[in-house]
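Engineer: One structure coming up, written as structure tokens, with questions to follow.
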Amino acid sequence: MPASLQRAPAPSVRLSLGAVLVLSAFGAQAQQAMPQSACDAPHQTVLQAAAAKYDARAIWLDRKLLKWPGADATASYQLYYSAAGAVNAAAGGKVAGADGSVALERFAGQPDAATVQRFKYVADGAVLSLPASADAGKLLKQQLVLVQQGPDGTVIDATAVQGAGALDDLYAAAEKVTDLGAAPARGATRFKLWAPTAHNVAVCTYDNGYAKASAIEPMRFDAATGVWSASRHADLSGKYYQYVVDVNVPNVGLVRNLVTDPYSVSLTTDSQRSYIADLDAPKLKPNGWDKVAAPKKVAAPTDMAVYELHVRDFSINDATVSAANRGKYLAFTETQSNGMKHLAALSKAGMTDIHLLPVYDLGSVPEKGCAVPQPSGAADSDSQQALVGKTRHTDCYNWGYDPFHYSAPEGSYATDAADGARRIVEFRQMVMALHKANLRVGMDVVYNHTYRAGQDKQSVLDRIVPGYYHRLSDKGAIEMSTCCFNTATENRMMAKLMIDSAELWTRHYKIDSFRFDLMGHQPRAAMEALQARVNKVAGRPVQLIGEGWNFGEVESGKRFVQASQLSLNGSAIGTFSDRGRDAVRGGGAGDSGKDMFARQGFINGLVYDPNAEAPQRPKEDLLRAADMVRLGLAGTLRSYPLPTYQDKIVEGQAIDYAGQPAGYASEPSEVVNYVENHDNQTLYDANALKLPAATSSADRARVQVLGAAINAFSQGVAYFHAGQDILRSKSLDRNSFESGDWFNRLDWSYQDNYFGTGLPPQEDNGKDYALLKPVLANSAIKPTPADIAFARDAFRDWLKIRSSSSLFRMRTASDIRQRLHFFNTGSMQVPTVIAARIEGAGYPGAGFKTVTYLINVDKVEQSVTAESEKGKRYKLHPVLAAPGAADKRAKEARYDAASGKFTVPARTAVVFVE
């Protein structure tokens with residue numbers, strides 16, 4: 001053990017803090033040289049194992065104050081420290097192994113208002129202060145154990161301390177550091193890493209992704225920012241690097257970690273080493289990159305029509321793509337493939353954005369030699385899922401909600417993951433290809449959690465600044481409400497990492513919009529800061545949308561004002577609406593068992609066409625669902641005056657949705673409308689369960705088209721799942737995140753939707769196998785190619801209609817309140833028909849004096865009459881009246897000017913204009 005790690009004199013001899021820090025070899029400028037062999041060592045080397053383990057019930061509030069919830073404020077407290085993690089503070093004994101201690105004083109005042117607000121979730125307890133002579137920055141580099149002790153020094157209780165509050169206070173200046181990571185330039189390469197608790201840091205450089213280190217460079221610590229930096233007198237572009245970080249890890253000890261850079265811009269295979277690159281270098285830009293601009297299709301968020309697409313799904317099953325490019329970024333460059341022809345047709349019809357499921361560096365997909373299973377079996381067999389299950393951790397597939405490095409492109413989508421340049425160039429080629437197809441490019445980003453934490457090899461943040469980047473419980477454990485290791489974007493440098501990352505994608509990859517996974521776990525303030533940054537970089541608005549679900553340890557603003565549905569009003573940041581989704585589809589996201597069948601929705605039979613499992617439901621249930629659909633069509637606005645089935649006019653925020661306001665958006669830009677996305681069963685699969693078994697495949701296609709019509713007509717952002725337009729099925733899989741290519745296939749030849757290709761994976765669906773088997777075995781549910789073609793073309797017609805008039809994309813709540821009017825409402829309505837008029841006079845881009853749409857979800861023709869609609873000069877929308885219109889049945893719709901009567905065929909949506 002190095003002399004610098006030897007323990008101080010016997011712990012019964014108390015040294016002053018100043019004396020200990022003089023003896024310690026870990027002062028700000030006292031770092032030791034590391035051997036080059038450290039660069040090729042295992043990812044973790046324990047230099048000195050911890051003497052004991054502690055939970056972390058105490059919390060640093062700022063650089064001077066600590067709080068121990070539940071602790072006696074009148075007791076005596078000592079903060080013990082050890083450079084080697086050697087503190088042993090067993091209850092009933094005396095503290096051993098410490099280098100020294102600091103006596104803490106009881107704090108009688110009040111922390112500042114910002115600190116009180118930040119730590120409002122912390123329970124009452126003792127608030128303690130460091131003496132003026134103590135250096136919190138140097139203390140935080142050591143193992144710290146806060147001890148409540150008796151007059152004779154006997155330990156009553158002991159805990160570690162959560163340090164984020166102190167680190168944020170001490171190193172606030174780090175937020176303004178703009179060049180973290182590796183920055184190569186002519187004649188020099190500079191490295192910067194924020195690691196304020198590290199004892200020693202060095203940077204290792206490698207000539208390629210697999211050779212031994214060519215050099216190791218010690219880094220110097222800046223006590224003002226907590227940043228370590230080093231420079232090499234050479235342009236190291238194209239080389240690779242890692243950091244060696246000596247740091248005290250709670251409950252592990254003093255550890256030497258060999259770790260990649262959180263600010264990596266690229267990596268080698270399986271993210272083993274970070275890649276050194278200047279993203280502005282000409283060799284990393286495809287020909288024409290600097291000249292290709294984003295399509296100017298979106299003047300406001302409500303203009304967005306989004307197609308959510310997974311890179312591998314897009315082309316892995318497309319035989320018209322060259323074999324080398326299937327499942328890769330470069331598949332998007334093959335403009336004559338079936339897939340790109342499909343996207344081009346959507347673009348021409350009015351789709352504005354492709355949103356790519358995560359394309360940053362993923363932790364779960366092997367980038368070399370991944371397995372490619374070849375399942376087969378009967379429609380209701382379990383053999384397919386069994387084979388997929390055997391290889392789910394080694395195959396080429398995952399949705400990607402397992403972030404490893406936030407700012408580097410994923411290597412499995414590149415043609416050569418070993419070459420750090422290749423993924424950069426090919427990602428840009430993909431963006432160029434989509435822009436040339438007149439489609440903007442959005443990214444699904446997952447800053448709310450990491451794939452791994454602690455000392456795991458695939459943990460990055462926690463191995464550099466242990467315990468800082470993740471949100472901790474009251475005992476110091478990482479919160480995992482998001483499924484994984486929750487990040488703490490309320491902490492300065494985690495928020496900075498998120499914002500810097502979004503800026504990088506905007507600046508260097510021309511990303512046009514972002515979709516945030518579990519955005520409700522982020523502070524609204526951080527999201528607004530991110531919005532300002534990306535807008536500034538792009539020189540135009542960059543739209544932000546996300547999942548605003550309210551749950552977990554941050555629920556209902558427990559820790560901060562969230563970026564959630566109810567808390568983002570007025571921000572212009574959009575959140576997905578479960579209100580309209582559930583009303584249209586029926587049921588909820590977590591349904592299982594017979595609820596999957598029984599909880600029908602507006603389009604698939606609620607009350608008017610019950611299936612065999614559906615209980616007898618009162619008409620009121622259908623009326624209530626119809627009102628919820630209307631509110632969705634009105635942008636889910638808080639302030640929209642909705643005429644309800646109870647013959648009352650009620651603002652959206654006064655309508656109940658599971659104990660919350662149904663109307664939650666202040667403006668239409670704040671709501672994202674959808675009836676299907678990557679989560680849960682596809683709409684076709686949900687309808688396979690909810691529609692009566694005897695429903696024909698042609699009618700199933702019509703029901704799918706009705707769902708798309710409601711989405712297209714709804715004010716706000718329109719969001720569609722790839723394949724929704726071609727009746728995509730995942731063979732009833734409710735969670736296909738690692739279900740392989742088999743359950744996630746798309747068929748751009750329009751011959752198959754892959755319904756009935758085996759029972760879905762056991763883990764998420766197995767408890768319902770007895771219910772799913774007969775559904776999958778029913779070949780009558782499977783659509784014909786003609787059904788698929790009808791749905792495809794009808795979907796495009798809805799896009800054309802939506803893009804034909806700004807009345808479907810109104811900008812403000814005031815516009816919607818003034819111009820959108822529902823008829824066929826109240827207690828005497830025809831409950832299976834939604835009817836609305838939008839007044840266009842004087843509205844920019846309206847295109848028509850009036851637009852009226854009607855949606856009949858019933859199995860039979862229905863008529864509605866409205867006094868307000870008498871004497872109009874309505875005609876069918878030109879798209880529906882055209883000879884090539886997909887839905888011939890729509891031409892049978894009728895309007896009688898004398899009576900104001902509309903007649904709409906069964907399971908048909910129509911638009912009239914004047």
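We label chains A, B, ... in the order they appear in the structure tokens, count residues from 1 in each chain, and number ligands from 1 in the order shown.
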At a cut-off of 9 Å, can you tabulate as a tab-separated table every residue of range 511-567 of chain A near range 300-307 of chain A together with its closest atom pair and the distance in Å to one decimal, using only C-alpha atoms and ordering rows by chain then number?
Structural biologist:
residue	atom	partner	partner_atom	distance
A:Pro541	CA	A:Ala300	CA	8.3
A:Val542	CA	A:Pro301	CA	8.9
A:Gln543	CA	A:Pro301	CA	6.3
A:Leu544	CA	A:Pro301	CA	8.7
Engineer: Using only C-alpha atoms for the distances, tell me which of A:Gly420, A:Pro196, A:Pro375, A:Gly900 is nearest to Ser266 in chain A.
Structural biologist: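 Under the stated criterion, the closest residue is A:Gly420.
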Engineer: Closest to Gln117 in chain A among A:Ala324, A:Val425, A:Leu61, A:Ala166, using only C-alpha atoms?
Structural biologist: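 Closest residue, counting only C-alpha atoms: A:Leu61.
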Engineer: Pick out the residues sitting within 9 Å of Ser381 in chain A, and hand them over as a PyMOL selection string; count only C-alpha atoms, and ignore anything fewer than 5 positions along from it in its own chain.
Structural biologist: chain A and resi 376+757-759+773
Engineer: Go through range 749-811 of chain A residue by residue and, counting only C-alpha atoms, keep those with an atom at most 10 Å from range 818-838 of chain A; for each kept residue give the shortest atom pair and its distance in Å to one decimal, ordered by chain and increasing number, as a Markdown table.
Structural biologist:
| residue | atom | partner | partner_atom | distance |
| --- | --- | --- | --- | --- |
| A:Leu807 | CA | A:Ile838 | CA | 6.7 |
| A:Phe808 | CA | A:Ile838 | CA | 8.4 |
| A:Met810 | CA | A:Arg819 | CA | 9.3 |
Engineer: Based on the selection just made, write C-alpha atoms of those residues as an mmCIF file, in the first residue's frame.
Structural biologist:
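Contents of the output file selection-v9.cif:
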data_model
loop_
_atom_site.group_PDB
_atom_site.id
_atom_site.type_symbol
_atom_site.label_atom_id
_atom_site.label_comp_id
_atom_site.auth_asym_id
_atom_site.auth_seq_id
_atom_site.Cartn_x
_atom_site.Cartn_y
_atom_site.Cartn_z
ATOM 1 C CA LEU A 807 -57.560 25.092 -38.662
ATOM 2 C CA PHE A 808 -56.435 21.615 -37.650
ATOM 3 C CA MET A 810 -54.365 26.301 -34.459
#
Engineer: Applying 9 Å and only C-alpha atoms, which residues near Ala386 in chain A remain after dropping the ones on its own chain fewer than 3 positions away? List them as a PDB file with N, CA and C atoms, in the first residue's frame.
Structural biologist:
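Ended up saving to out.pdb:
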ATOM      1  N   PRO A 375     -36.667 -17.413 -35.421  1.00  0.00           N
ATOM      2  CA  PRO A 375     -37.801 -18.158 -34.864  1.00  0.00           C
ATOM      3  C   PRO A 375     -38.727 -18.691 -35.953  1.00  0.00           C
ATOM      4  N   ASP A 382     -45.482 -20.954 -28.376  1.00  0.00           N
ATOM      5  CA  ASP A 382     -44.553 -20.231 -27.496  1.00  0.00           C
ATOM      6  C   ASP A 382     -43.102 -20.458 -27.899  1.00  0.00           C
ATOM      7  N   SER A 383     -42.865 -21.148 -29.000  1.00  0.00           N
ATOM      8  CA  SER A 383     -41.491 -21.457 -29.399  1.00  0.00           C
ATOM      9  C   SER A 383     -40.745 -20.221 -29.884  1.00  0.00           C
ATOM     10  N   GLY A 389     -36.150 -15.172 -26.271  1.00  0.00           N
ATOM     11  CA  GLY A 389     -35.771 -14.996 -24.873  1.00  0.00           C
ATOM     12  C   GLY A 389     -34.379 -15.491 -24.561  1.00  0.00           C
ATOM     13  N   LYS A 390     -33.956 -16.553 -25.218  1.00  0.00           N
ATOM     14  CA  LYS A 390     -32.619 -17.099 -24.976  1.00  0.00           C
ATOM     15  C   LYS A 390     -31.524 -16.115 -25.378  1.00  0.00           C
ATOM     16  N   PRO A 761     -43.326 -12.492 -25.699  1.00  0.00           N
ATOM     17  CA  PRO A 761     -42.391 -12.934 -24.663  1.00  0.00           C
ATOM     18  C   PRO A 761     -43.030 -13.169 -23.296  1.00  0.00           C
ATOM     19  N   GLN A 762     -42.593 -14.246 -22.686  1.00  0.00           N
ATOM     20  CA  GLN A 762     -43.152 -14.742 -21.431  1.00  0.00           C
ATOM     21  C   GLN A 762     -43.078 -13.713 -20.308  1.00  0.00           C
TER      22      GLN A 762
END
Engineer: Might you pull out every residue within 7 Å of Asp270 in chain A, with only C-alpha atoms counted and same-chain residues fewer than 2 positions away left off, and present them as a PyMOL selection string?
Structural biologist: chain A and resi 268+272+366-367
Engineer: Please report, as a PyMOL selection string, each residue of range 113-348 of chain A to which DSSP assigns helix (DSSP H, G or I) when run on this structure's backbone.
Structural biologist: chain A and resi 113-118+136-139+164-170+172-176+269-271+282-284+301-303+311-315+323-325+329-333+338-348
Engineer: Create the file for the chosen residues now, containing C-alpha atoms and written as a PDB file, in the first residue's frame.
Structural biologist:
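Result written to part24.pdb:
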ATOM      1  CA  ALA A 113     -34.586  30.337   0.734  1.00  0.00           C
ATOM      2  CA  ALA A 114     -33.148  28.528  -2.301  1.00  0.00           C
ATOM      3  CA  THR A 115     -31.608  25.846  -0.082  1.00  0.00           C
ATOM      4  CA  VAL A 116     -34.827  25.419   1.868  1.00  0.00           C
ATOM      5  CA  GLN A 117     -36.742  25.012  -1.385  1.00  0.00           C
ATOM      6  CA  ARG A 118     -34.286  22.539  -2.857  1.00  0.00           C
ATOM      7  CA  ALA A 136     -15.563  21.425   2.801  1.00  0.00           C
ATOM      8  CA  GLY A 137     -13.927  20.885  -0.564  1.00  0.00           C
ATOM      9  CA  LYS A 138     -11.057  18.928   0.936  1.00  0.00           C
ATOM     10  CA  LEU A 139     -13.364  17.052   3.271  1.00  0.00           C
ATOM     11  CA  ALA A 164     -24.608  16.938  -3.801  1.00  0.00           C
ATOM     12  CA  GLY A 165     -25.722  20.093  -1.992  1.00  0.00           C
ATOM     13  CA  ALA A 166     -22.203  20.969  -0.902  1.00  0.00           C
ATOM     14  CA  LEU A 167     -20.693  20.116  -4.294  1.00  0.00           C
ATOM     15  CA  ASP A 168     -23.209  22.327  -6.083  1.00  0.00           C
ATOM     16  CA  ASP A 169     -22.495  25.190  -3.709  1.00  0.00           C
ATOM     17  CA  LEU A 170     -18.718  24.852  -3.785  1.00  0.00           C
ATOM     18  CA  ALA A 172     -21.192  26.418  -8.968  1.00  0.00           C
ATOM     19  CA  ALA A 173     -18.635  27.926 -11.353  1.00  0.00           C
ATOM     20  CA  ALA A 174     -18.367  24.555 -13.100  1.00  0.00           C
ATOM     21  CA  GLU A 175     -21.733  25.212 -14.749  1.00  0.00           C
ATOM     22  CA  LYS A 176     -20.037  27.823 -16.906  1.00  0.00           C
ATOM     23  CA  THR A 269     -16.699  -1.143 -29.963  1.00  0.00           C
ATOM     24  CA  ASP A 270     -18.944  -1.716 -26.961  1.00  0.00           C
ATOM     25  CA  SER A 271     -17.956   1.674 -25.565  1.00  0.00           C
ATOM     26  CA  PRO A 282     -14.208  18.308 -42.436  1.00  0.00           C
ATOM     27  CA  LYS A 283     -13.353  14.591 -42.496  1.00  0.00           C
ATOM     28  CA  LEU A 284     -16.259  13.902 -40.150  1.00  0.00           C
ATOM     29  CA  PRO A 301     -45.225  23.135 -32.498  1.00  0.00           C
ATOM     30  CA  THR A 302     -48.799  22.440 -33.535  1.00  0.00           C
ATOM     31  CA  ASP A 303     -47.616  21.990 -37.128  1.00  0.00           C
ATOM     32  CA  VAL A 311     -33.505   2.632 -36.576  1.00  0.00           C
ATOM     33  CA  ARG A 312     -33.211  -1.142 -36.706  1.00  0.00           C
ATOM     34  CA  ASP A 313     -36.949  -1.726 -37.187  1.00  0.00           C
ATOM     35  CA  PHE A 314     -36.876   0.561 -40.182  1.00  0.00           C
ATOM     36  CA  SER A 315     -34.723  -1.598 -42.420  1.00  0.00           C
ATOM     37  CA  ALA A 323     -27.578  -6.391 -46.793  1.00  0.00           C
ATOM     38  CA  ALA A 324     -24.700  -4.399 -45.297  1.00  0.00           C
ATOM     39  CA  ASN A 325     -26.974  -1.464 -44.456  1.00  0.00           C
ATOM     40  CA  TYR A 329     -27.982   4.445 -40.193  1.00  0.00           C
ATOM     41  CA  LEU A 330     -27.071   4.119 -43.857  1.00  0.00           C
ATOM     42  CA  ALA A 331     -30.338   2.361 -44.698  1.00  0.00           C
ATOM     43  CA  PHE A 332     -31.906   5.837 -44.758  1.00  0.00           C
ATOM     44  CA  THR A 333     -29.585   6.833 -47.588  1.00  0.00           C
ATOM     45  CA  ASN A 338     -39.331   0.322 -49.878  1.00  0.00           C
ATOM     46  CA  GLY A 339     -38.800   1.929 -46.495  1.00  0.00           C
ATOM     47  CA  MET A 340     -37.553   5.246 -47.844  1.00  0.00           C
ATOM     48  CA  LYS A 341     -40.330   5.300 -50.440  1.00  0.00           C
ATOM     49  CA  HIS A 342     -42.764   4.868 -47.574  1.00  0.00           C
ATOM     50  CA  LEU A 343     -41.245   7.759 -45.613  1.00  0.00           C
ATOM     51  CA  ALA A 344     -41.175   9.928 -48.733  1.00  0.00           C
ATOM     52  CA  ALA A 345     -44.884   9.263 -49.281  1.00  0.00           C
ATOM     53  CA  LEU A 346     -45.649  10.195 -45.674  1.00  0.00           C
ATOM     54  CA  SER A 347     -43.620  13.375 -46.063  1.00  0.00           C
ATOM     55  CA  LYS A 348     -45.487  14.307 -49.217  1.00  0.00           C
TER      56      LYS A 348
END
Engineer: What is the distance between CA of Ala223 in chain A and CA of Leu140 in chain A, in Å to one decimal?
Structural biologist: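 Calculated distance between CA of Ala223 in chain A and CA of Leu140 in chain A is 12.1 Å.
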Engineer: Which residue, A:Arg423, A:Lys730, A:Arg452, A:His355, has the smallest gap to Ile545 in chain A when you use only C-alpha atoms?
Structural biologist: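 Counting only C-alpha atoms, the residue closest to Ile545 in chain A is A:His355.
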Engineer: Can you list, as a PyMOL selection string, every protein, DNA or RNA residue that comes within 7 Å of Tyr469 in chain A when you count only C-alpha atoms, leaving out same-chain residues fewer than 5 positions away?
Structural biologist: chain A and resi 461-462+487-488+494
Engineer: Dump C-alpha atoms for the selected residues as a short mmCIF file (atom, residue, chain, number, x, y, z; two decimals), in the first residue's frame?
Structural biologist:
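Result file is out_31.cif:
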data_model
loop_
_atom_site.label_atom_id
_atom_site.label_comp_id
_atom_site.auth_asym_id
_atom_site.auth_seq_id
_atom_site.Cartn_x
_atom_site.Cartn_y
_atom_site.Cartn_z
CA LEU A 461 -20.98 8.88 -13.85
CA ASP A 462 -20.89 7.07 -10.52
CA THR A 487 -30.47 10.69 -12.42
CA ALA A 488 -30.71 13.86 -10.34
CA MET A 494 -26.36 16.53 -14.03
#
Engineer: Residues near Asp858 in chain A, anyone? I mean within 7 Å using only C-alpha atoms, not counting same-chain ones fewer than 2 positions away, as a ChimeraX atom specification.
Structural biologist: /A:832,856,860,906-907
Engineer: For the selection you just gave me, I'd like the residues written to a file as an mmCIF file, in the first residue's frame, keeping N, CA and C atoms.
Structural biologist:
data_model
loop_
_atom_site.group_PDB
_atom_site.id
_atom_site.type_symbol
_atom_site.label_atom_id
_atom_site.label_comp_id
_atom_site.auth_asym_id
_atom_site.auth_seq_id
_atom_site.Cartn_x
_atom_site.Cartn_y
_atom_site.Cartn_z
ATOM 1 N N THR A 832 -72.366 7.881 -30.639
ATOM 2 C CA THR A 832 -71.278 7.288 -31.423
ATOM 3 C C THR A 832 -70.769 8.227 -32.508
ATOM 4 N N ASN A 856 -68.038 8.848 -37.193
ATOM 5 C CA ASN A 856 -69.042 7.867 -36.780
ATOM 6 C C ASN A 856 -68.336 6.545 -36.489
ATOM 7 N N VAL A 860 -73.220 1.034 -37.753
ATOM 8 C CA VAL A 860 -74.291 1.387 -38.681
ATOM 9 C C VAL A 860 -74.207 2.867 -39.040
ATOM 10 N N ALA A 906 -71.269 3.930 -41.679
ATOM 11 C CA ALA A 906 -70.709 3.207 -40.533
ATOM 12 C C ALA A 906 -69.186 3.274 -40.541
ATOM 13 N N ARG A 907 -68.629 3.418 -39.345
ATOM 14 C CA ARG A 907 -67.177 3.410 -39.130
ATOM 15 C C ARG A 907 -66.449 4.252 -40.176
#
Engineer: To one decimal place in Å, what is the distance between CA of Glu308 in chain A and CA of Val460 in chain A?
Structural biologist: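 CA of Val460 in chain A lies at a distance of 28.7 Å from CA of Glu308 in chain A.
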Engineer: Could you tell me how far CA of Ala897 in chain A sits from CA of Arg796 in chain A, in Å to one decimal place?
Structural biologist: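 Computing the Euclidean distance for CA of Arg796 in chain A and CA of Ala897 in chain A yields 29.4 Å.
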Engineer: When distances are computed from only C-alpha atoms, which of A:Val245, A:Ala103, A:Ala417, A:Leu439 shows the smallest separation from Lys296 in chain A?
Structural biologist: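 Of A:Val245, A:Ala103, A:Ala417, A:Leu439, the one nearest Lys296 in chain A is A:Leu439, counting only C-alpha atoms.
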